[in-house]
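J.: Got a file for you: data29.csv, CSV, C-alpha atoms.
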```csv
chain,number,residue,atom,x,y,z
A,1,MET,CA,-64.5,32.5,-23.1
A,2,ALA,CA,-64.5,30.5,-19.9
A,3,THR,CA,-65.7,27.4,-21.8
A,4,ALA,CA,-62.8,27.7,-24.3
A,5,LEU,CA,-60.3,28.1,-21.5
A,6,ALA,CA,-61.6,25.0,-19.7
A,7,ARG,CA,-61.3,22.9,-22.9
A,8,ILE,CA,-57.7,24.1,-23.5
A,9,SER,CA,-56.7,23.3,-19.9
A,10,ARG,CA,-58.3,19.8,-20.1
A,11,ARG,CA,-56.3,19.0,-23.3
A,12,THR,CA,-53.1,20.3,-21.8
A,13,ILE,CA,-53.5,18.2,-18.6
A,14,ALA,CA,-54.4,15.1,-20.7
A,15,SER,CA,-51.4,15.5,-22.9
A,16,ALA,CA,-49.1,16.0,-19.9
A,17,LEU,CA,-50.4,12.9,-18.1
A,18,SER,CA,-50.4,10.5,-21.1
A,19,PRO,CA,-47.0,9.4,-22.4
A,20,HIS,CA,-45.9,10.3,-25.9
A,21,PRO,CA,-46.1,7.5,-28.5
A,22,HIS,CA,-42.3,7.3,-29.0
A,23,LEU,CA,-41.7,7.3,-25.3
A,24,LEU,CA,-44.2,4.5,-24.8
A,25,HIS,CA,-42.6,2.5,-27.6
A,26,ARG,CA,-39.2,3.0,-26.0
A,27,ALA,CA,-40.5,1.8,-22.6
A,28,VAL,CA,-42.1,-1.3,-24.2
A,29,SER,CA,-38.9,-2.2,-26.1
A,30,THR,CA,-36.8,-1.7,-22.9
A,31,GLU,CA,-39.1,-3.9,-20.9
A,32,ALA,CA,-38.9,-6.6,-23.7
A,33,SER,CA,-35.1,-6.5,-23.8
A,34,ALA,CA,-35.0,-6.7,-20.0
A,35,LYS,CA,-37.2,-9.8,-20.1
A,36,SER,CA,-34.9,-11.4,-22.7
A,37,ILE,CA,-31.9,-11.2,-20.5
A,38,THR,CA,-33.5,-12.3,-17.3
A,39,PRO,CA,-31.2,-14.9,-15.7
A,40,SER,CA,-32.5,-18.4,-15.1
A,41,ALA,CA,-33.9,-19.3,-11.7
A,42,ASP,CA,-31.3,-22.0,-11.4
A,43,ARG,CA,-28.5,-19.5,-11.7
A,44,VAL,CA,-26.4,-19.1,-8.6
A,45,LYS,CA,-26.9,-15.5,-7.2
A,46,TRP,CA,-24.0,-15.4,-4.8
A,47,ASP,CA,-20.2,-15.8,-4.7
A,48,TYR,CA,-19.1,-17.7,-1.6
A,49,ARG,CA,-15.9,-15.7,-1.4
A,50,GLY,CA,-18.0,-12.7,-0.3
A,51,GLN,CA,-20.2,-14.6,2.2
A,52,ARG,CA,-17.7,-15.8,4.8
A,53,GLN,CA,-18.7,-14.8,8.3
A,54,ILE,CA,-15.3,-13.7,9.6
A,55,ILE,CA,-15.6,-12.2,13.1
A,56,PRO,CA,-12.7,-10.2,14.5
A,57,LEU,CA,-12.3,-10.5,18.3
A,58,GLY,CA,-10.2,-7.6,19.6
A,59,GLN,CA,-6.9,-7.6,17.7
A,60,TRP,CA,-7.4,-11.1,16.3
A,61,VAL,CA,-8.8,-11.5,12.8
A,62,PRO,CA,-9.2,-14.9,11.2
A,63,LYS,CA,-6.8,-15.6,8.3
A,64,VAL,CA,-7.8,-17.6,5.3
A,65,ALA,CA,-5.5,-18.6,2.4
A,66,VAL,CA,-6.4,-17.4,-1.0
A,67,ASP,CA,-6.9,-21.0,-2.3
A,68,ALA,CA,-8.7,-22.3,0.7
A,69,TYR,CA,-12.4,-23.0,0.6
A,70,VAL,CA,-14.6,-21.7,3.4
A,71,ALA,CA,-18.3,-22.4,2.8
A,72,PRO,CA,-20.8,-19.4,2.9
A,73,ASN,CA,-22.3,-20.2,6.3
A,74,VAL,CA,-19.1,-21.1,8.2
A,75,VAL,CA,-18.3,-18.9,11.2
A,76,LEU,CA,-14.6,-18.1,11.8
A,77,ALA,CA,-14.0,-16.0,15.0
A,78,GLY,CA,-10.8,-14.8,16.5
A,79,GLN,CA,-7.5,-16.6,16.3
A,80,VAL,CA,-8.3,-18.9,13.4
A,81,THR,CA,-5.9,-19.7,10.5
A,82,VAL,CA,-7.0,-21.8,7.5
A,83,TRP,CA,-4.0,-22.8,5.4
A,84,ASP,CA,-3.6,-23.4,1.6
A,85,GLY,CA,-5.8,-26.0,0.0
A,86,ALA,CA,-7.8,-26.6,3.2
A,87,SER,CA,-11.5,-26.5,3.2
A,88,VAL,CA,-14.1,-25.9,5.9
A,89,TRP,CA,-17.5,-27.1,5.0
A,90,ASN,CA,-21.1,-25.9,5.5
A,91,GLY,CA,-22.3,-25.0,9.0
A,92,SER,CA,-19.0,-25.4,10.9
A,93,VAL,CA,-17.9,-23.0,13.7
A,94,LEU,CA,-14.3,-22.4,14.5
A,95,ARG,CA,-14.2,-20.2,17.6
A,96,GLY,CA,-10.7,-19.0,18.5
A,97,ASP,CA,-11.8,-16.6,21.3
A,98,LEU,CA,-9.5,-18.2,24.0
A,99,ASN,CA,-6.7,-19.7,22.0
A,100,LYS,CA,-5.4,-20.4,18.5
A,101,ILE,CA,-7.1,-22.8,15.9
A,102,THR,CA,-5.1,-23.9,12.9
A,103,VAL,CA,-6.4,-25.9,9.9
A,104,GLY,CA,-3.4,-27.2,8.0
A,105,PHE,CA,-2.5,-27.6,4.4
A,106,CYS,CA,-5.1,-29.6,2.4
A,107,SER,CA,-7.0,-30.6,5.6
A,108,ASN,CA,-10.7,-30.6,5.6
A,109,VAL,CA,-13.3,-29.8,8.3
A,110,GLN,CA,-16.6,-31.3,7.2
A,111,GLU,CA,-20.2,-30.2,7.8
A,112,ARG,CA,-21.4,-28.9,11.2
A,113,CYS,CA,-18.1,-29.4,13.1
A,114,VAL,CA,-17.4,-27.3,16.2
A,115,ILE,CA,-13.7,-26.5,16.9
A,116,HIS,CA,-12.7,-24.6,20.0
A,117,ALA,CA,-9.6,-24.0,22.2
A,118,ALA,CA,-9.3,-23.5,26.0
A,119,TRP,CA,-7.0,-21.2,27.9
A,120,ASN,CA,-4.8,-24.1,29.1
A,121,SER,CA,-4.5,-27.9,28.8
A,122,PRO,CA,-4.5,-30.3,31.7
A,123,THR,CA,-1.8,-32.4,30.1
A,124,GLY,CA,0.8,-29.6,29.7
A,125,LEU,CA,0.5,-29.8,25.9
A,126,PRO,CA,-0.3,-26.5,24.0
A,127,ALA,CA,-3.9,-25.6,24.7
A,128,GLU,CA,-4.4,-24.4,21.1
A,129,THR,CA,-6.2,-26.6,18.6
A,130,SER,CA,-3.7,-27.7,15.9
A,131,ILE,CA,-4.9,-29.7,12.8
A,132,GLU,CA,-1.9,-30.4,10.6
A,133,ARG,CA,-1.8,-31.3,6.9
A,134,TYR,CA,-3.9,-33.9,5.1
A,135,VAL,CA,-6.3,-34.4,8.1
A,136,THR,CA,-10.0,-35.2,7.7
A,137,ILE,CA,-12.4,-34.1,10.4
A,138,GLY,CA,-15.7,-35.9,9.9
A,139,ALA,CA,-19.0,-34.2,10.0
A,140,TYR,CA,-20.6,-33.2,13.3
A,141,SER,CA,-17.4,-33.6,15.2
A,142,LEU,CA,-16.4,-31.6,18.3
A,143,LEU,CA,-12.7,-30.7,19.0
A,144,ARG,CA,-11.4,-28.7,21.9
A,145,SER,CA,-7.7,-28.0,22.5
A,146,VAL,CA,-6.4,-31.0,20.6
A,147,THR,CA,-3.3,-31.7,18.6
A,148,ILE,CA,-3.7,-33.8,15.4
A,149,GLU,CA,-0.6,-34.8,13.5
A,150,PRO,CA,-0.5,-35.1,9.7
A,151,GLU,CA,-2.6,-37.7,7.7
A,152,VAL,CA,-5.2,-38.6,10.3
A,153,ILE,CA,-8.9,-39.4,9.9
A,154,ILE,CA,-11.4,-38.4,12.6
A,155,GLY,CA,-14.7,-40.1,12.0
A,156,GLN,CA,-18.0,-38.2,12.0
A,157,HIS,CA,-19.8,-37.4,15.3
A,158,SER,CA,-16.5,-37.8,17.2
A,159,ILE,CA,-15.6,-35.9,20.3
A,160,LEU,CA,-12.0,-35.1,21.1
A,161,MET,CA,-11.6,-33.4,24.5
A,162,GLU,CA,-9.0,-31.2,26.0
A,163,GLY,CA,-5.4,-32.2,25.7
A,164,SER,CA,-6.0,-35.3,23.5
A,165,PHE,CA,-3.2,-36.0,21.0
A,166,VAL,CA,-3.6,-38.0,17.8
A,167,GLU,CA,-0.4,-39.2,16.1
A,168,THR,CA,0.1,-39.5,12.4
A,169,HIS,CA,-1.5,-42.3,10.3
A,170,SER,CA,-4.2,-43.0,12.9
A,171,ILE,CA,-8.0,-43.4,12.5
A,172,VAL,CA,-10.6,-42.5,15.1
A,173,GLU,CA,-13.8,-44.3,14.2
A,174,ALA,CA,-17.1,-42.5,13.9
A,175,GLY,CA,-18.9,-41.7,17.2
A,176,SER,CA,-15.8,-42.1,19.3
A,177,VAL,CA,-15.1,-40.0,22.4
A,178,VAL,CA,-11.4,-39.4,23.2
A,179,PRO,CA,-11.1,-38.4,26.9
A,180,PRO,CA,-8.9,-35.5,28.1
A,181,GLY,CA,-5.2,-36.1,27.8
A,182,ARG,CA,-5.6,-39.4,25.8
A,183,ARG,CA,-2.8,-40.1,23.3
A,184,ILE,CA,-3.6,-42.2,20.2
A,185,PRO,CA,-0.3,-43.7,18.9
A,186,SER,CA,0.7,-43.6,15.3
A,187,GLY,CA,-0.8,-46.2,12.9
A,188,GLU,CA,-3.6,-47.4,15.2
A,189,LEU,CA,-7.4,-47.6,14.9
A,190,TRP,CA,-9.4,-46.5,18.0
A,191,ALA,CA,-13.1,-46.5,18.6
A,192,GLY,CA,-15.8,-46.4,21.3
A,193,ASN,CA,-16.8,-44.3,24.3
A,194,PRO,CA,-14.3,-43.8,25.8
A,195,ALA,CA,-12.1,-44.5,22.8
A,196,ARG,CA,-10.1,-47.7,23.0
A,197,PHE,CA,-7.4,-49.4,20.9
A,198,VAL,CA,-9.0,-51.7,18.2
A,199,ARG,CA,-6.1,-52.8,16.0
A,200,SER,CA,-3.0,-51.7,14.3
A,201,LEU,CA,-3.0,-50.3,10.8
A,202,THR,CA,0.6,-50.8,10.0
A,203,HIS,CA,3.1,-53.7,9.4
A,204,GLU,CA,4.7,-52.9,12.8
A,205,GLU,CA,2.2,-55.2,14.5
A,206,THR,CA,4.1,-58.3,15.9
A,207,LEU,CA,3.0,-61.5,14.3
A,208,GLU,CA,4.3,-65.0,14.6
A,209,ILE,CA,3.1,-66.3,11.3
A,210,PRO,CA,5.0,-64.8,8.3
A,211,LYS,CA,2.1,-65.4,5.8
A,212,LEU,CA,-0.3,-63.7,8.1
A,213,ALA,CA,2.1,-60.8,8.5
A,214,VAL,CA,2.3,-60.3,4.7
A,215,ALA,CA,-1.6,-60.4,4.5
A,216,ILE,CA,-1.9,-57.8,7.3
A,217,ASN,CA,0.8,-55.6,5.7
A,218,ASP,CA,-1.0,-55.7,2.3
A,219,HIS,CA,-4.3,-54.9,4.1
A,220,SER,CA,-2.7,-51.9,6.0
A,221,LYS,CA,-1.3,-50.4,2.8
A,222,SER,CA,-4.9,-49.9,1.6
A,223,TYR,CA,-5.6,-47.6,4.6
A,224,PHE,CA,-2.8,-45.2,3.6
A,225,SER,CA,-4.7,-44.1,0.5
A,226,GLU,CA,-7.5,-42.8,2.8
A,227,PHE,CA,-5.1,-40.2,4.2
A,228,LEU,CA,-4.6,-38.6,0.9
A,229,PRO,CA,-6.5,-35.4,0.4
A,230,TYR,CA,-9.8,-35.6,-1.4
A,231,SER,CA,-11.3,-32.4,-0.2
A,232,THR,CA,-9.5,-30.1,-2.7
A,233,VAL,CA,-12.3,-30.4,-5.2
A,234,TYR,CA,-13.5,-26.9,-4.4
A,235,LEU,CA,-10.0,-25.6,-5.2
A,236,GLU,CA,-10.0,-27.4,-8.5
A,237,VAL,CA,-13.4,-26.0,-9.4
A,238,GLU,CA,-12.2,-22.4,-8.6
A,239,LYS,CA,-9.1,-22.9,-10.8
A,240,LEU,CA,-11.3,-24.2,-13.7
A,241,LYS,CA,-13.7,-21.2,-13.3
A,242,LYS,CA,-10.8,-18.8,-13.4
A,243,LYS,CA,-9.3,-20.5,-16.5
A,244,LEU,CA,-12.5,-20.4,-18.4
A,245,GLY,CA,-13.4,-16.9,-17.3
A,246,ILE,CA,-16.6,-17.9,-15.5
A,247,SER,CA,-17.7,-15.1,-13.2
A,248,ILE,CA,-20.1,-17.3,-11.1
```
Here is a file; write its structure as structure tokens.
T.:
Amino acid sequence: MATALARISRRTIASALSPHPHLLHRAVSTEASAKSITPSADRVKWDYRGQRQIIPLGQWVPKVAVDAYVAPNVVLAGQVTVWDGASVWNGSVLRGDLNKITVGFCSNVQERCVIHAAWNSPTGLPAETSIERYVTIGAYSLLRSVTIEPEVIIGQHSILMEGSFVETHSIVEAGSVVPPGRRIPSGELWAGNPARFVRSLTHEETLEIPKLAVAINDHSKSYFSEFLPYSTVYLEVEKLKKKLGISI
């Protein structure tokens, strides 16, 4: 009797531990179907719109326009506003803990830039950092409490110190250092450390020889195409994705 009970209990335990044939078949088919829909390793697994590092400071929260591009590893802190069509590229830090920072319409802040603003400016100009429309800030640049008018190019690795003011249609060459309170007039090219006037970019330059004036004028017109926005490619990609219904 005891032997019979032992045999029955062994069979019961074995049947409980081993899966039923139909359940095993279902598990195998589920595993096969899961393998068939496994996404490619090349597929992007994140959406940059959910990756922005937006850091509130007290009552100040960074504001980003709907159609502005802010890269996944960009840090926006405090009083920062990024306007329509603007772009802030990978690794940049915009720290508005002491004063306001504004990136204007269709302007772009390229890779690894650091933008800050002091409490006050030694020149009496607003201490906030104001980057107006169609401005290009080259990679690895440092800006602190500066005012940049529309359609300006700041070359990469440039440093613009407190109270500096860059007027419209001007170019600051790569690697330049603009001292505190320095004003760069409209239509001029500046370069060096400290930054100095190099040449005029407009036809307003006074020339005695008419033919040379025409040549300089034609040459200067080629510069103005550089001020046009070319950083809106991310915006166009997002529009295309939305139009085609692409989720990633």
J.: For Ala139 (chain A), work out the shell of residues within 10 Å, counting all atoms listed in the file and skipping chain neighbours fewer than 4 positions away, then give it as a list in words.
T.: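 Result of the neighbour search: Trp89, Asn90, Gly91, Ser92, Val109, Gln110, Glu111, Arg112, Cys113, Val114, Ile154, Gly155, Gln156, His157, Ser158 and Ala174 of chain A.
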J.: If you keep C-alpha atoms, can you produce a file of those selected residues as a compact mmCIF listing (two decimals), in the frame of the given file?
T.:
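result.txt, freshly written:
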```txt
# COMPACT_ATOMS: atom_id res chain seq x y z
CA TRP A 89 -17.50 -27.10 5.00
CA ASN A 90 -21.10 -25.90 5.50
CA GLY A 91 -22.30 -25.00 9.00
CA SER A 92 -19.00 -25.40 10.90
CA VAL A 109 -13.30 -29.80 8.30
CA GLN A 110 -16.60 -31.30 7.20
CA GLU A 111 -20.20 -30.20 7.80
CA ARG A 112 -21.40 -28.90 11.20
CA CYS A 113 -18.10 -29.40 13.10
CA VAL A 114 -17.40 -27.30 16.20
CA ILE A 154 -11.40 -38.40 12.60
CA GLY A 155 -14.70 -40.10 12.00
CA GLN A 156 -18.00 -38.20 12.00
CA HIS A 157 -19.80 -37.40 15.30
CA SER A 158 -16.50 -37.80 17.20
CA ALA A 174 -17.10 -42.50 13.90
```
J.: Put a box with edges along x, y and z around all the listed atoms of region 164-178 of chain A, pad it by 6 Å on each side, then give me its centre and sizes in Å, one decimal, as AutoDock Vina command-line options.
T.:
```
--center_x -9.4 --center_y -39.8 --center_z 16.9 --size_x 31.0 --size_y 21.0 --size_z 25.2
```
J.: Find the spatial neighbours of Glu149 (chain A), counting all atoms listed in the file, within a cut-off of 6 Å - ignore same-chain residues fewer than 6 positions away - and output them as a PyMOL selection string.
T.: chain A and resi 132+167-168
J.: In the coordinate frame of the file, compute which residues have an atom within 7 Å of (-9.4, -18.5, 22.6) when using all atoms listed in the file, and state them as a list in words.
T.: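 Collected hits near the coordinates: Gln79, Gly96, Asp97, Leu98, Asn99, Lys100, Ala117, Ala118 and Trp119 of chain A.
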J.: Could you give me, as a ChimeraX atom specification, the residues that have an atom at most 12 Å away from the point (-11.5, -26.2, 4.1) in the coordinates of the file, using all atoms listed in the file?
T.: /A:64-72,74,76,81-94,102-111,113,131,133-137,229-235
J.: Just the number, please: distance in Å from CA of Glu151 (chain A) to CA of Glu173 (chain A), one decimal.
T.: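 We find that CA of Glu151 (chain A) and CA of Glu173 (chain A) lie 14.5 Å from each other.
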J.: What is the distance, in Å and to one decimal place, between CA of Leu143 (chain A) and CA of Pro180 (chain A)?
T.: 11.0 Å
J.: Excluding Leu189 (chain A) and any residue of its chain fewer than 4 positions from it, enumerate the residues within 10 Å of it, using all atoms listed in the file, and give them as a PyMOL selection string.
T.: chain A and resi 153+169-173+184-185+195-202
J.: Could you please determine the separation between CA of Tyr140 (chain A) and CA of Ile159 (chain A) in Å, to one decimal place?
T.: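 Atom-to-atom, CA of Tyr140 (chain A) to CA of Ile159 (chain A), that is 9.0 Å.
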J.: Considering all atoms listed in the file, state which residue in the set A:Ile55, A:Ile115, A:Val80, A:Ala127 is at the smallest distance from Leu160 (chain A).
T.: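 Nearest candidate to Leu160 (chain A) out of A:Ile55, A:Ile115, A:Val80, A:Ala127: A:Ile115.
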J.: Rank nothing, just name the residue among A:Gly78, A:Gly175, A:Gly124, A:Arg182 nearest to Gln59 (chain A), using all atoms listed in the file.
T.: A:Gly78
